[in-house]
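Step one of this worksheet: look at the structure below.
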Amino acid sequence: MSPRPPLVTFLSDFGLADEFVGVVHAVIARLAPGAAVVDLAHQVPRHDVRAGALTLWRASEWLVPGVVLAVVDPGVGTGRRAVALEVPSAGAIFVGPDNGLLLPAALHLGLPTSAVELPDNPRAKGATFAGRDVFAPAAARAAAGVPIGELGRAIDPSTLQGDPIPEPILESGEIKTEILWIDHFGNAQLNITAGHARQLLGAEVTRARTVRGTVPVRVVGSYGEIEADHTALVIDSYGLLALSRNRSSASSAHDLRPGQPVWLCPQSDHPR
Amino acid sequence: MSPRPPLVTFLSDFGLADEFVGVVHAVIARLAPGAAVVDLAHQVPRHDVRAGALTLWRASEWLVPGVVLAVVDPGVGTGRRAVALEVPSAGAIFVGPDNGLLLPAALHLGLPTSAVELPDNPRAKGATFAGRDVFAPAAARAAAGVPIGELGRAIDPSTLQGDPIPEPILESGEIKTEILWIDHFGNAQLNITAGHARQLLGAEVTRARTVRGTVPVRVVGSYGEIEADHTALVIDSYGLLALSRNRSSASSAHDLRPGQPVWLCPQSDHPR
Amino acid sequence: MSPRPPLVTFLSDFGLADEFVGVVHAVIARLAPGAAVVDLAHQVPRHDVRAGALTLWRASEWLVPGVVLAVVDPGVGTGRRAVALEVPSAGAIFVGPDNGLLLPAALHLGLPTSAVELPDNPRAKGATFAGRDVFAPAAARAAAGVPIGELGRAIDPSTLQGDPIPEPILESGEIKTEILWIDHFGNAQLNITAGHARQLLGAEVTRARTVRGTVPVRVVGSYGEIEADHTALVIDSYGLLALSRNRSSASSAHDLRPGQPVWLCPQSDHPR
């Protein structure tokens, strides 16, 4: 009789046009009637496991303690494993396909000490909607207090799939970073903090070189500090640097895309 | 004091840009504070009663027992009736306009034994938002346990509007099916199961003829079994056959639309 | 142990592609586990404070008693104040930036008698997501019963920012109105009721003049009363007149945009 109901957060690439998300909610509402179910994002690009993994990674600390249900699952119905894993130090249980979607967020929170492979649902009418037939029931049961060990067959957590978040690299006096995410406002998040950049360069960043060209930048704390028609590196809400503009889209202005490299450069004797 | 709160599922063509969906939720939260309200879909194409009816039909068994609130209502404020109907065998109450939206799902669950016409809301400022002013209060009161007979004036359930789901037809040794739905991933659901197709043909399906041309197909259980750049008939999560591709859109590849015919053909002596 | 849980409604320009909305929900779920949190709209155009303010204004009476969390905040991290304000006569608490977003709705409900400036969140990793770090915690605490005076430093409610809803103006025998909103169905809401228009003109409206041309119109109560390919003034669900068509978009037909003027004209001796 806790005053705080269990929290289930739910991410997918289902989109919002069809009934997929709603049916998953209905399944959870039956099996874990006391749980609060929060939609994290359902417009992850179709089949884009990496974009989903990065979204979970960014949001993870606000989702725990709780159950995280995540379904970006192009391999549904094939050999990829359906899993649940637990990070007890964070009170976190992740449920989803074992295709790299879950592990970056889980490792960000702590060490997964146990994992199970979820069985198929013998009552499913087809094998294509594991979100409804396999993952939602497992997440709901976990939210209702069923121990993870009762959800499936134990597997070795060290066999779970997942690529790490890329590290920034110092190359010829510049830092090679990667665009992790373009958000709704066109901000391009890089995989580096302001402090880390300053430490690697031994100086402030003054230019950003994208695949399209070089932009003079300075590091600021808010969008409102950026002059009109200029681009800057904002310290974003995750503490990372993001290429941003004030009331317009840095992504559109510089044709930026997730996965592209961006080089951060210190003051130079040969300004552009 | 049931441990399982009543479930209200909500479908509309309101879209998510405006406040329509949120205001309906607020109305329900006031009148049925213990209910779990789940959004099923709000991006049903504007005024497309049939698309909404098929969505409810597909999802119906996951929505009950519970109250289903559905509003795709181009005739709002005119002579069409506002109704609630009950399928007691499924613990289901449907609330919405009597324009064909509700009946396919209701009949899929069982026999509607009672129905009422909902009165206008005398406090409404206009006649154009029955979702907020008429349907949501009725759905909330039903969820709060008010018997359907107290929601309005009894009408004969046999007078409710609704076209049946079309049946596949055997024509000259081929099965004429209809595309019921194109989902977010571009899968084109047909109105036939694998078993029914095999029974009608007395053979496996090997070709699908669309309005654009003929495609060789085989029946598979998951998207991952489909070869690159091929199209197959997947047994989808409702048990129906769907024209699908692996990690791409069958709808885009073959220019498929809901309502189009697709002929399923057995092995022939004159392959294409 | 109230049978009616507190209601928190939430509006933003965050969109639904990213995790922003979900993370705010997760924060509220932790701090106010008994609250019902309803999404009002998250697709307010980016940085469009006025569109957000009008959405809140329209919906306000369905949102109270309760807490209204609203975040359209292009000045986040700069000098604009983060505030909470209370309209006790309506049981309403508004939480958001003091940039004109909150006041039209608040004043529509009653007189704000107290307001506070919310402090920064010292644990935030950046200054760019006040929705998560400042506003959501304040809204959740208000929903959990914390008095507004404990949420921040008292400020004078008369210093809060906000432009009033524009009034229609009688000019040379015509009424100059303004398009407040284009909804999902293409209806263009004007800032005048049918009764007010009749009173100002001393006659029925028979023509609407937009920036593109003049359209013959009559006032009707429902979309279904409008003849095919005609445009009419419908009394919408807020009691205001809206340029509308039956099963198609008046906005598309006449190239209408929010903020444009529309002149309403009485019967004339010189019909177009």
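Convention: chains lettered A, B, ... in structure tokens order; per-chain residue numbering from 1; ligands numbered from 1 as shown.
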With only C-alpha atoms counted and 8 Å as the cut-off, give the residues of chain B in contact with chain C, each with its shortest interatomic distance in Å and the pair that gives it, as a Markdown table.
```
| residue | atom | partner | partner_atom | distance |
| --- | --- | --- | --- | --- |
| B:Phe14 | CA | C:His184 | CA | 6.8 |
| B:Gly15 | CA | C:His184 | CA | 6.5 |
| B:Leu16 | CA | C:Ala41 | CA | 6.7 |
| B:Ala17 | CA | C:Gln43 | CA | 5.1 |
| B:Asp18 | CA | C:Ala41 | CA | 6.0 |
| B:Glu19 | CA | C:Leu40 | CA | 5.2 |
| B:Phe20 | CA | C:Leu40 | CA | 7.8 |
| B:Val21 | CA | C:Leu40 | CA | 7.1 |
| B:Gly22 | CA | C:Leu40 | CA | 4.2 |
| B:Val23 | CA | C:Trp62 | CA | 6.4 |
| B:His25 | CA | C:Val38 | CA | 6.5 |
| B:Ala26 | CA | C:Leu63 | CA | 6.4 |
| B:Val27 | CA | C:Trp62 | CA | 6.8 |
| B:Ala29 | CA | C:Ala36 | CA | 7.3 |
| B:Arg30 | CA | C:Arg4 | CA | 7.2 |
| B:Pro33 | CA | C:Arg4 | CA | 5.6 |
| B:Gly34 | CA | C:Arg4 | CA | 8.0 |
| B:Arg46 | CA | C:Phe185 | CA | 7.2 |
| B:His47 | CA | C:Arg247 | CA | 6.8 |
| B:Pro74 | CA | C:Arg247 | CA | 6.5 |
| B:Gly75 | CA | C:Gly224 | CA | 5.7 |
| B:Val76 | CA | C:Ser222 | CA | 6.8 |
| B:Gly77 | CA | C:Ser222 | CA | 5.2 |
| B:Thr78 | CA | C:Gly224 | CA | 6.0 |
| B:Ala124 | CA | C:Ser237 | CA | 7.2 |
| B:Lys125 | CA | C:Gly239 | CA | 4.8 |
| B:Gly126 | CA | C:Ser237 | CA | 4.4 |
| B:Ala127 | CA | C:Ser222 | CA | 6.2 |
| B:Thr128 | CA | C:Ser237 | CA | 5.4 |
| B:Phe129 | CA | C:Ser237 | CA | 5.5 |
```
Nearest residue to A:Ala32 out of A:Gly100, A:Arg153, A:Ala140, A:Ala90, using only C-alpha atoms?
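When distances to A:Ala32 are compared using only C-alpha atoms, the smallest one comes from A:Ala140.
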Do a neighbour search on C:Ala253 at 9 Å with only C-alpha atoms, toss out local chain neighbours closer than 5 positions, and write the hits as number ranges by chain.
C: 186, 231, 245, 248
Residues from the last selection, N, CA and C atoms, saved as an mmCIF file, in the first residue's frame:
```
data_model
loop_
_atom_site.group_PDB
_atom_site.id
_atom_site.type_symbol
_atom_site.label_atom_id
_atom_site.label_comp_id
_atom_site.auth_asym_id
_atom_site.auth_seq_id
_atom_site.Cartn_x
_atom_site.Cartn_y
_atom_site.Cartn_z
ATOM 1 N N GLY C 186 -9.937 23.041 -39.925
ATOM 2 C CA GLY C 186 -9.873 24.192 -40.818
ATOM 3 C C GLY C 186 -10.888 25.276 -40.501
ATOM 4 N N THR C 231 -19.374 28.422 -47.629
ATOM 5 C CA THR C 231 -18.771 28.750 -46.342
ATOM 6 C C THR C 231 -19.830 29.456 -45.505
ATOM 7 N N ARG C 245 -16.733 25.234 -43.234
ATOM 8 C CA ARG C 245 -17.363 24.519 -44.327
ATOM 9 C C ARG C 245 -17.794 23.139 -43.834
ATOM 10 N N SER C 248 -15.092 20.005 -45.104
ATOM 11 C CA SER C 248 -13.833 20.441 -45.705
ATOM 12 C C SER C 248 -13.345 21.663 -44.943
#
```
